[in-house]
Amino acid sequence: MSSSGHGHTPAAWTGVIISFIGFCVAGLFMVMANVPGFWAGMVLIGLGAVVGGLMRLAGMGATPKRSAQVPVPAAAQPQEG
């Protein structure tokens with residue numbers, strides 16, 4: 001499992017760290033019953049996803065691995081029974 005290198009890129013780490021900070025902020029303000037602070041944390045969670053995606057597009061993410069193409073049948077035949 002660890003040999004696949006899943007998520008071991010600067011883009012993945014940055015996005016997860018920003019989202020985790022947002023999760024902590026939202027959780028803290030939820031306990032404090034502070035609605036604007038909670039939504040600020042939720043915005044940070046979304047910002048983490050956006051930053052990670054932009055970094056991946058900038059070349060700091062993993063390159064997608066192509067799997068073997070499996071031929072798709074031209075037309076599916078219904079089974080009788």
# chains A, B, ... in the order shown; residues from 1 in each chain; ligands from 1
$ residues_around --residues "region 42-56 of chain A" --least-positions-apart "2" --cutoff "10 Å" --atoms "only C-alpha atoms" --output "PyMOL selection string"
chain A and resi 9-27+36-40+58-63
